[in-house]
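Undergrad: This is the content of model.cif (mmCIF, C-alpha atoms):
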```cif
data_my_file
#
loop_
_atom_site.group_PDB
_atom_site.id
_atom_site.type_symbol
_atom_site.label_atom_id
_atom_site.label_comp_id
_atom_site.auth_asym_id
_atom_site.auth_seq_id
_atom_site.Cartn_x
_atom_site.Cartn_y
_atom_site.Cartn_z
ATOM 1 C CA MET A 1 66.792 101.372 -11.337
ATOM 2 C CA SER A 2 66.821 97.807 -12.627
ATOM 3 C CA LYS A 3 63.985 96.437 -14.727
ATOM 4 C CA PRO A 4 62.888 93.855 -12.059
ATOM 5 C CA ALA A 5 62.681 96.635 -9.460
ATOM 6 C CA VAL A 6 60.490 98.705 -11.777
ATOM 7 C CA VAL A 7 58.193 95.733 -12.340
ATOM 8 C CA VAL A 8 57.897 95.175 -8.560
ATOM 9 C CA LEU A 9 57.002 98.848 -7.999
ATOM 10 C CA ILE A 10 54.373 98.700 -10.749
ATOM 11 C CA ILE A 11 52.816 95.592 -9.189
ATOM 12 C CA ILE A 12 52.783 97.226 -5.734
ATOM 13 C CA GLY A 13 51.162 100.318 -7.232
ATOM 14 C CA ILE A 14 48.467 98.255 -8.913
ATOM 15 C CA VAL A 15 47.758 96.399 -5.635
ATOM 16 C CA ILE A 16 47.458 99.683 -3.726
ATOM 17 C CA VAL A 17 45.114 101.178 -6.333
ATOM 18 C CA LEU A 18 42.955 98.040 -6.331
ATOM 19 C CA PHE A 19 42.829 97.990 -2.503
ATOM 20 C CA PHE A 20 41.710 101.597 -2.147
ATOM 21 C CA GLY A 21 39.320 101.177 -5.064
ATOM 22 C CA PHE A 22 37.734 98.205 -3.298
ATOM 23 C CA MET A 23 37.448 100.153 -0.025
ATOM 24 C CA ILE A 24 35.772 103.102 -1.771
ATOM 25 C CA ILE A 25 33.287 100.800 -3.503
ATOM 26 C CA ALA A 26 32.591 98.903 -0.268
ATOM 27 C CA ASN A 27 31.978 102.094 1.703
ATOM 28 C CA SER A 28 29.836 103.414 -1.116
ATOM 29 C CA ASN A 29 27.775 100.226 -1.048
ATOM 30 C CA ILE A 30 27.326 100.482 2.723
ATOM 31 C CA SER A 31 26.221 104.098 2.356
ATOM 32 C CA LYS A 32 23.855 103.166 -0.469
ATOM 33 C CA HIS A 33 22.561 100.265 1.634
ATOM 34 C CA ASP A 34 21.784 102.554 4.577
ATOM 35 C CA THR A 35 20.231 105.163 2.304
ATOM 36 C CA LEU A 36 18.112 102.526 0.596
ATOM 37 C CA LEU A 37 16.853 101.230 3.940
ATOM 38 C CA ARG A 38 15.760 104.686 4.995
ATOM 39 C CA SER A 39 14.310 105.596 1.585
ATOM 40 C CA MET A 40 12.216 102.427 1.666
ATOM 41 C CA GLY A 41 10.312 104.064 4.485
ATOM 42 C CA SER A 42 11.162 101.383 7.038
ATOM 43 C CA VAL A 43 10.977 103.755 10.000
ATOM 44 C CA GLN A 44 7.930 105.631 8.778
ATOM 45 C CA GLU A 45 6.028 102.424 8.030
ATOM 46 C CA ILE A 46 6.688 101.042 11.514
ATOM 47 C CA LEU A 47 5.642 104.344 13.088
ATOM 48 C CA ASN A 48 2.410 104.142 11.116
ATOM 49 C CA GLU A 49 1.834 100.685 12.575
ATOM 50 C CA TYR A 50 2.018 102.267 16.031
ATOM 51 C CA GLY A 51 -0.674 104.732 15.024
ATOM 52 C CA ILE A 52 1.660 107.717 14.694
ATOM 53 C CA GLU A 53 0.245 110.646 12.778
ATOM 54 C CA GLY A 54 3.548 112.337 12.160
ATOM 55 C CA ALA A 55 6.992 112.118 10.591
ATOM 56 C CA TYR A 56 10.554 110.836 11.006
ATOM 57 C CA GLU A 57 13.708 112.842 10.214
ATOM 58 C CA GLU A 58 17.050 111.062 10.408
ATOM 59 C CA LYS A 59 18.993 114.325 10.883
ATOM 60 C CA GLY A 60 16.293 116.198 12.782
ATOM 61 C CA THR A 61 16.565 117.066 16.479
ATOM 62 C CA LEU A 62 15.185 119.232 19.287
ATOM 63 C CA ASP A 63 16.847 122.624 19.240
ATOM 64 C CA ARG A 64 18.295 124.591 22.138
ATOM 65 C CA ASN A 65 15.345 127.000 22.343
ATOM 66 C CA LYS A 66 12.910 124.091 22.621
ATOM 67 C CA LEU A 67 14.918 122.457 25.411
ATOM 68 C CA ALA A 68 15.183 125.763 27.281
ATOM 69 C CA ALA A 69 11.486 126.586 26.856
ATOM 70 C CA GLU A 70 10.489 123.252 28.386
ATOM 71 C CA GLY A 71 12.845 123.651 31.356
ATOM 72 C CA VAL A 72 15.280 120.899 30.339
ATOM 73 C CA ILE A 73 18.294 123.224 30.190
ATOM 74 C CA PRO A 74 18.937 126.710 31.596
ATOM 75 C CA ARG A 75 18.285 129.582 29.197
ATOM 76 C CA ASP A 76 21.821 130.914 29.743
ATOM 77 C CA SER A 77 23.512 127.711 28.553
ATOM 78 C CA GLY A 78 26.099 129.132 26.166
ATOM 79 C CA SER A 79 28.789 126.598 27.145
ATOM 80 C CA LEU A 80 26.491 123.654 26.404
ATOM 81 C CA ASN A 81 27.149 121.797 23.152
ATOM 82 C CA ILE A 82 24.000 120.122 21.817
ATOM 83 C CA SER A 83 23.576 117.718 18.910
ATOM 84 C CA GLY A 84 21.022 115.081 17.995
ATOM 85 C CA ASN A 85 19.233 112.985 15.376
ATOM 86 C CA ASN A 86 16.392 110.523 14.726
ATOM 87 C CA LEU A 87 13.612 113.049 15.313
ATOM 88 C CA ILE A 88 10.070 111.659 15.554
ATOM 89 C CA THR A 89 7.137 114.066 15.689
ATOM 90 C CA GLY A 90 3.387 113.666 15.627
ATOM 91 C CA ARG A 91 0.532 112.486 17.820
ATOM 92 C CA TYR A 92 0.438 109.325 19.912
ATOM 93 C CA LYS A 93 -2.870 108.339 21.504
ATOM 94 C CA GLN A 94 -4.128 111.883 20.895
ATOM 95 C CA ILE A 95 -1.103 113.507 22.582
ATOM 96 C CA GLU A 96 1.204 115.696 20.507
ATOM 97 C CA PHE A 97 4.914 114.938 20.930
ATOM 98 C CA GLU A 98 8.458 115.614 19.717
ATOM 99 C CA SER A 99 11.232 113.108 20.400
ATOM 100 C CA ALA A 100 14.923 112.935 19.437
ATOM 101 C CA ALA A 101 18.215 111.352 20.483
ATOM 102 C CA ILE A 102 20.218 114.139 22.160
ATOM 103 C CA ASN A 103 23.865 114.504 23.173
ATOM 104 C CA MET A 104 24.820 117.387 25.456
ATOM 105 C CA SER A 105 28.216 118.263 26.874
ATOM 106 C CA LEU A 106 29.690 121.229 28.714
ATOM 107 C CA ASP A 107 32.616 122.981 27.010
ATOM 108 C CA TYR A 108 34.717 125.067 29.392
ATOM 109 C CA GLY A 109 37.318 126.072 26.809
ATOM 110 C CA THR A 110 40.549 124.709 25.381
ATOM 111 C CA ASP A 111 42.229 124.257 28.782
ATOM 112 C CA PHE A 112 39.603 121.821 30.053
ATOM 113 C CA PRO A 113 38.069 118.644 28.595
ATOM 114 C CA THR A 114 34.400 118.638 27.686
ATOM 115 C CA GLU A 115 32.106 117.243 30.370
ATOM 116 C CA LEU A 116 29.136 114.977 29.648
ATOM 117 C CA TYR A 117 25.819 116.603 30.544
ATOM 118 C CA TYR A 118 23.261 114.179 29.131
ATOM 119 C CA SER A 119 23.063 111.572 26.380
ATOM 120 C CA GLY A 120 19.768 109.865 25.593
ATOM 121 C CA ARG A 121 16.385 110.226 23.883
ATOM 122 C CA ILE A 122 14.433 113.251 25.112
ATOM 123 C CA THR A 123 10.701 113.384 24.426
ATOM 124 C CA VAL A 124 8.338 116.320 24.954
ATOM 125 C CA MET A 125 4.614 115.520 25.244
ATOM 126 C CA TYR A 126 2.134 118.378 25.223
ATOM 127 C CA GLN A 127 -0.766 117.544 27.516
ATOM 128 C CA GLU A 128 -3.983 119.459 26.931
ATOM 129 C CA GLN A 129 -4.719 119.678 30.642
ATOM 130 C CA GLY A 130 -2.267 119.224 33.455
ATOM 131 C CA PRO A 131 -1.962 119.933 37.166
ATOM 132 C CA THR A 132 -0.927 123.409 38.266
ATOM 133 C CA MET A 133 2.268 122.008 39.728
ATOM 134 C CA THR A 134 5.806 121.173 38.706
ATOM 135 C CA HIS A 135 7.670 118.080 39.686
ATOM 136 C CA LEU A 136 10.808 116.286 38.570
ATOM 137 C CA LEU A 137 11.751 112.625 39.033
ATOM 138 C CA VAL A 138 15.390 111.672 38.534
ATOM 139 C CA GLN A 139 16.378 108.009 38.413
ATOM 140 C CA LYS A 140 18.880 107.034 41.117
ATOM 141 C CA GLN A 141 20.036 103.613 39.928
ATOM 142 C CA LEU A 142 20.839 104.095 36.265
ATOM 143 C CA PRO A 143 23.155 101.674 34.418
ATOM 144 C CA LYS A 144 26.742 102.817 33.913
ATOM 145 C CA LYS A 145 26.195 103.182 30.156
ATOM 146 C CA SER A 146 23.526 105.795 30.804
ATOM 147 C CA GLY A 147 24.332 109.372 29.892
ATOM 148 C CA MET A 148 22.405 110.755 32.862
ATOM 149 C CA THR A 149 24.550 112.853 35.210
ATOM 150 C CA LYS A 150 23.821 114.250 38.654
ATOM 151 C CA LYS A 151 24.648 117.740 37.395
ATOM 152 C CA PHE A 152 21.975 117.475 34.674
ATOM 153 C CA GLY A 153 19.307 116.541 37.242
ATOM 154 C CA ASN A 154 20.334 119.365 39.558
ATOM 155 C CA GLU A 155 20.313 121.904 36.716
ATOM 156 C CA MET A 156 16.808 120.849 35.666
ATOM 157 C CA ALA A 157 15.593 121.301 39.239
ATOM 158 C CA ILE A 158 17.149 124.767 39.405
ATOM 159 C CA ALA A 159 15.851 125.772 35.946
ATOM 160 C CA ASN A 160 12.308 124.966 37.104
ATOM 161 C CA GLY A 161 12.578 126.690 40.470
ATOM 162 C CA LEU A 162 12.552 123.402 42.387
ATOM 163 C CA THR A 163 15.772 123.967 44.303
ATOM 164 C CA GLY A 164 18.372 126.621 44.985
ATOM 165 C CA LEU A 165 19.150 129.198 47.635
ATOM 166 C CA ARG A 166 16.486 131.587 46.428
ATOM 167 C CA TYR A 167 13.653 129.077 46.586
ATOM 168 C CA GLY A 168 14.766 126.691 49.299
ATOM 169 C CA LYS A 169 15.346 122.987 48.768
ATOM 170 C CA LYS A 170 12.299 121.212 47.352
ATOM 171 C CA GLU A 171 13.566 117.649 47.069
ATOM 172 C CA ILE A 172 10.980 115.603 48.949
ATOM 173 C CA GLU A 173 10.666 112.115 50.437
ATOM 174 C CA VAL A 174 7.715 109.892 49.550
ATOM 175 C CA ASP A 175 8.664 106.676 51.365
ATOM 176 C CA PRO A 176 11.842 104.516 51.634
ATOM 177 C CA GLU A 177 10.943 102.183 48.744
ATOM 178 C CA TRP A 178 10.140 105.027 46.351
ATOM 179 C CA ASP A 179 13.110 107.100 47.493
ATOM 180 C CA ARG A 180 15.532 104.271 46.688
ATOM 181 C CA LYS A 181 14.333 104.463 43.079
ATOM 182 C CA TRP A 182 13.776 108.199 42.477
ATOM 183 C CA ILE A 183 15.021 111.586 43.585
ATOM 184 C CA THR A 184 11.794 113.606 43.723
ATOM 185 C CA TYR A 185 11.456 117.382 43.431
ATOM 186 C CA SER A 186 8.140 119.210 43.620
ATOM 187 C CA ASP A 187 6.550 122.570 44.353
ATOM 188 C CA ASP A 188 3.509 120.735 45.798
ATOM 189 C CA LYS A 189 4.703 118.136 48.272
ATOM 190 C CA GLU A 190 1.270 116.981 49.439
ATOM 191 C CA GLN A 191 -0.065 116.340 45.931
ATOM 192 C CA THR A 192 3.148 114.664 44.766
ATOM 193 C CA VAL A 193 3.250 112.263 47.724
ATOM 194 C CA LYS A 194 -0.404 111.414 47.051
ATOM 195 C CA MET A 195 0.331 110.679 43.375
ATOM 196 C CA PHE A 196 3.170 108.269 44.130
ATOM 197 C CA ASP A 197 1.799 106.629 47.274
ATOM 198 C CA HIS A 198 1.344 102.850 47.589
ATOM 199 C CA GLY A 199 -1.380 101.457 45.322
ATOM 200 C CA THR A 200 -1.525 104.317 42.812
ATOM 201 C CA LYS A 201 -1.234 103.606 39.084
ATOM 202 C CA TYR A 202 1.621 106.096 38.760
ATOM 203 C CA ARG A 203 3.695 104.373 41.408
ATOM 204 C CA GLU A 204 3.196 100.928 39.881
ATOM 205 C CA GLN A 205 4.254 102.218 36.474
ATOM 206 C CA PHE A 206 7.326 104.139 37.556
ATOM 207 C CA MET A 207 8.709 101.685 40.095
ATOM 208 C CA THR A 208 9.507 99.345 37.175
ATOM 209 C CA SER A 209 10.381 102.084 34.673
ATOM 210 C CA GLN A 210 13.919 102.583 33.404
ATOM 211 C CA LEU A 211 13.337 106.174 32.307
ATOM 212 C CA ASP A 212 16.205 108.516 33.176
ATOM 213 C CA PHE A 213 14.038 111.447 34.277
ATOM 214 C CA ILE A 214 10.489 112.799 34.098
ATOM 215 C CA LEU A 215 9.745 116.524 34.288
ATOM 216 C CA ARG A 216 6.108 117.588 34.546
ATOM 217 C CA THR A 217 4.994 121.220 34.304
ATOM 218 C CA GLU A 218 1.789 122.994 33.335
ATOM 219 C CA ARG A 219 3.116 123.175 29.774
ATOM 220 C CA SER A 220 4.252 119.629 29.094
ATOM 221 C CA ILE A 221 5.781 116.375 30.253
ATOM 222 C CA VAL A 222 9.421 115.852 29.273
ATOM 223 C CA PHE A 223 11.211 112.556 29.808
ATOM 224 C CA GLY A 224 14.546 110.963 28.985
ATOM 225 C CA SER A 225 15.407 107.388 28.083
ATOM 226 C CA GLN A 226 18.303 105.354 26.714
ATOM 227 C CA ASN A 227 16.152 103.859 23.939
ATOM 228 C CA ASP A 228 16.812 104.950 20.358
ATOM 229 C CA ILE A 229 16.253 103.650 16.814
ATOM 230 C CA VAL A 230 18.730 100.867 16.017
ATOM 231 C CA PHE A 231 19.454 100.069 12.380
ATOM 232 C CA GLU A 232 22.267 97.537 12.713
ATOM 233 C CA ASP A 233 24.115 95.775 15.530
ATOM 234 C CA ARG A 234 27.042 93.404 16.049
ATOM 235 C CA ASN A 235 24.789 90.348 15.965
ATOM 236 C CA ASP A 236 23.938 90.979 12.294
ATOM 237 C CA LYS A 237 20.243 90.681 13.007
ATOM 238 C CA ASP A 238 17.767 91.587 10.314
ATOM 239 C CA VAL A 239 17.824 95.385 9.971
ATOM 240 C CA GLN A 240 14.056 95.625 9.692
ATOM 241 C CA GLN A 241 13.692 93.636 12.915
ATOM 242 C CA ASN A 242 16.234 95.858 14.687
ATOM 243 C CA ILE A 243 14.228 98.929 13.728
ATOM 244 C CA ARG A 244 10.975 97.317 14.798
ATOM 245 C CA ASP A 245 12.351 96.111 18.161
ATOM 246 C CA SER A 246 13.976 99.441 19.020
ATOM 247 C CA ILE A 247 10.926 101.495 18.081
ATOM 248 C CA GLY A 248 8.867 99.136 20.229
ATOM 249 C CA LYS A 249 11.066 100.004 23.223
ATOM 250 C CA ILE A 250 10.654 103.723 22.542
ATOM 251 C CA PHE A 251 6.892 103.417 22.547
ATOM 252 C CA LYS A 252 6.939 101.339 25.704
ATOM 253 C CA ASP A 253 8.409 104.476 27.303
ATOM 254 C CA PHE A 254 5.682 106.532 25.630
ATOM 255 C CA ASP A 255 2.964 104.270 27.069
ATOM 256 C CA ALA A 256 4.276 104.794 30.592
ATOM 257 C CA ILE A 257 3.967 108.553 30.144
ATOM 258 C CA VAL A 258 0.574 108.406 28.414
ATOM 259 C CA LEU A 259 -0.733 106.682 31.551
ATOM 260 C CA TYR A 260 0.842 109.489 33.528
ATOM 261 C CA CYS A 261 -0.977 112.092 31.388
ATOM 262 C CA THR A 262 -4.416 110.605 32.051
#
```
Translate the structure of the given file into structure tokens.

TA:
Amino acid sequence: MSKPAVVVLIIIGIVIVLFFGFMIIANSNISKHDTLLRSMGSVQEILNEYGIEGAYEEKGTLDRNKLAAEGVIPRDSGSLNISGNNLITGRYKQIEFESAAINMSLDYGTDFPTELYYSGRITVMYQEQGPTMTHLLVQKQLPKKSGMTKKFGNEMAIANGLTGLRYGKKEIEVDPEWDRKWITYSDDKEQTVKMFDHGTKYREQFMTSQLDFILRTERSIVFGSQNDIVFEDRNDKDVQQNIRDSIGKIFKDFDAIVLYCT
């Protein structure tokens, strides 16, 4: 090999090494930047401003047993893949809660693609006193980006004994305006219609709500939403402001349910 060719190869090698070295440093800086933001307590400090007596875990989530115990998924859900993050726990306006971003998909094996089940933030609120009834509201007109699926709503209804051959169909009609917004299941039709009738505080709150679903039992109130904690976005907004704005949206959902609990 001629001397000029050797020199060219050496120069190319140096360029390649420098390029990959720069990429490693850049990625390391991004990782350090994200870690620094979280270690500064940005999320925890903002939660404290909202009066949260609790904690934030970036990698924490609601586990399968918790979701099954609260009637969100069937207990025999072996084919359901579940992952999540951004767990918030504590008390909000004297109500204990757990809340995390959840992704669920059905895995039928290697011969079939996975099927979306639900993707969104699921929150469990433990009310001290609740009605001796179970009802489920499932949003009808969700945006296309929403992870809510019809199958997920149906499975929740079945898991809570609100529909199925054994129990008889318990989807009920309140009135045309309400029914355009929500699919409503209940084991106490009379009480449910009364709760969501014209002029009630619950109706006013939920007719404008963008929550994906609301499941109320004697044990708890569980609800789903598309709001999650946002650290960065394409608009390069201030990271602290992104966190603050997104947490504000999460607690707007919380406020709707707190009203529902009282």

Undergrad: Given the file above and the PyMOL selection byres ((chain A and resi 254-258) around 9), which residues are selected, and can you give them as a ChimeraX atom specification?

TA: /A:92-93,95,123,125,202,205-206,209,214,221,223,249-253,259-262

Undergrad: Would you put the residues from that selection into a file with C-alpha atoms, as a PDB file, keeping the file's coordinate frame?

TA:
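What ended up in result.pdb:
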```pdb
ATOM      1  CA  TYR A  92       0.438 109.325  19.912  1.00  0.00           C
ATOM      2  CA  LYS A  93      -2.870 108.339  21.504  1.00  0.00           C
ATOM      3  CA  ILE A  95      -1.103 113.507  22.582  1.00  0.00           C
ATOM      4  CA  THR A 123      10.701 113.384  24.426  1.00  0.00           C
ATOM      5  CA  MET A 125       4.614 115.520  25.244  1.00  0.00           C
ATOM      6  CA  TYR A 202       1.621 106.096  38.760  1.00  0.00           C
ATOM      7  CA  GLN A 205       4.254 102.218  36.474  1.00  0.00           C
ATOM      8  CA  PHE A 206       7.326 104.139  37.556  1.00  0.00           C
ATOM      9  CA  SER A 209      10.381 102.084  34.673  1.00  0.00           C
ATOM     10  CA  ILE A 214      10.489 112.799  34.098  1.00  0.00           C
ATOM     11  CA  ILE A 221       5.781 116.375  30.253  1.00  0.00           C
ATOM     12  CA  PHE A 223      11.211 112.556  29.808  1.00  0.00           C
ATOM     13  CA  LYS A 249      11.066 100.004  23.223  1.00  0.00           C
ATOM     14  CA  ILE A 250      10.654 103.723  22.542  1.00  0.00           C
ATOM     15  CA  PHE A 251       6.892 103.417  22.547  1.00  0.00           C
ATOM     16  CA  LYS A 252       6.939 101.339  25.704  1.00  0.00           C
ATOM     17  CA  ASP A 253       8.409 104.476  27.303  1.00  0.00           C
ATOM     18  CA  LEU A 259      -0.733 106.682  31.551  1.00  0.00           C
ATOM     19  CA  TYR A 260       0.842 109.489  33.528  1.00  0.00           C
ATOM     20  CA  CYS A 261      -0.977 112.092  31.388  1.00  0.00           C
ATOM     21  CA  THR A 262      -4.416 110.605  32.051  1.00  0.00           C
TER      22      THR A 262
END
```

Undergrad: Record the distance separating atom CA of Asp63 of chain A and atom CA of Ala100 of chain A, expressed in Å with one decimal.

TA: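 Straight-line distance from atom CA of Asp63 of chain A to atom CA of Ala100 of chain A works out to 9.9 Å.
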
Undergrad: Measuring between only C-alpha atoms, which one of A:Gly78, A:Gly90, A:Gly224, A:Gly60 shows the shortest distance to Tyr108 of chain A?

TA: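 With only C-alpha atoms as the atom set, the closest residue is A:Gly78.
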
Undergrad: Using atom CA of Ser99 of chain A and atom CA of Gly120 of chain A as the two end points, give the distance in Å to one decimal.

TA: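 Here the two named atoms are 10.5 Å from each other.
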
Undergrad: Enter the distance from atom CA of Ser83 of chain A to atom CA of Lys181 of chain A, in Å, rounded to one decimal.

TA: 29.1 Å

Undergrad: Check which residues satisfy the PyMOL selection byres ((chain A and resi 213) around 8) in the file shown, then give them as a PyMOL selection string.

TA: chain A and resi 136-139+153+211-212+214-215+223-225

Undergrad: Ranking A:Asp111, A:Glu96, A:Glu58, A:Asp175 by minimum distance to Glu128 of chain A and counting all atoms listed in the file, which one comes first?

TA: A:Glu96

Undergrad: For each of A:Met207, A:Met195, A:Ile158, A:Leu62, take the minimum atom-to-atom distance to Trp182 of chain A, counting all atoms listed in the file, then give the residue where this is smallest.

TA: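 Smallest separation from Trp182 of chain A among the options: A:Met207.
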
Undergrad: Which is closer to Leu87 of chain A than all the others in A:Phe112, A:Phe231, A:Tyr117, A:Tyr56, using only C-alpha atoms?

TA: A:Tyr56

Undergrad: Assuming the chain letters and numbering stay as they are in my file, what does the PyMOL selection byres ((chain A and resi 156) around 10) actually select? List them as number ranges by chain.

TA: A: 68, 70-74, 136, 138, 151-155, 157-163, 213, 215

Undergrad: Show which residues sit within 12 Å of Arg91 of chain A, as a list in words. Count only C-alpha atoms, and ignore same-chain residues fewer than 3 positions away.

TA: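 Result of the neighbour search: Leu47, Asn48, Tyr50, Gly51, Ile52, Glu53, Gly54, Ala55, Ile88, Gln94, Ile95, Glu96, Phe97, Glu98, Ser99, Val124, Met125, Tyr126, Gln127, Phe254 and Val258 of chain A.
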
Undergrad: Quick one: of A:Thr149, A:Gln141, A:Asn242, A:Thr89, who's nearest to Ser105 of chain A, counting all atoms listed in the file?

TA: A:Thr149
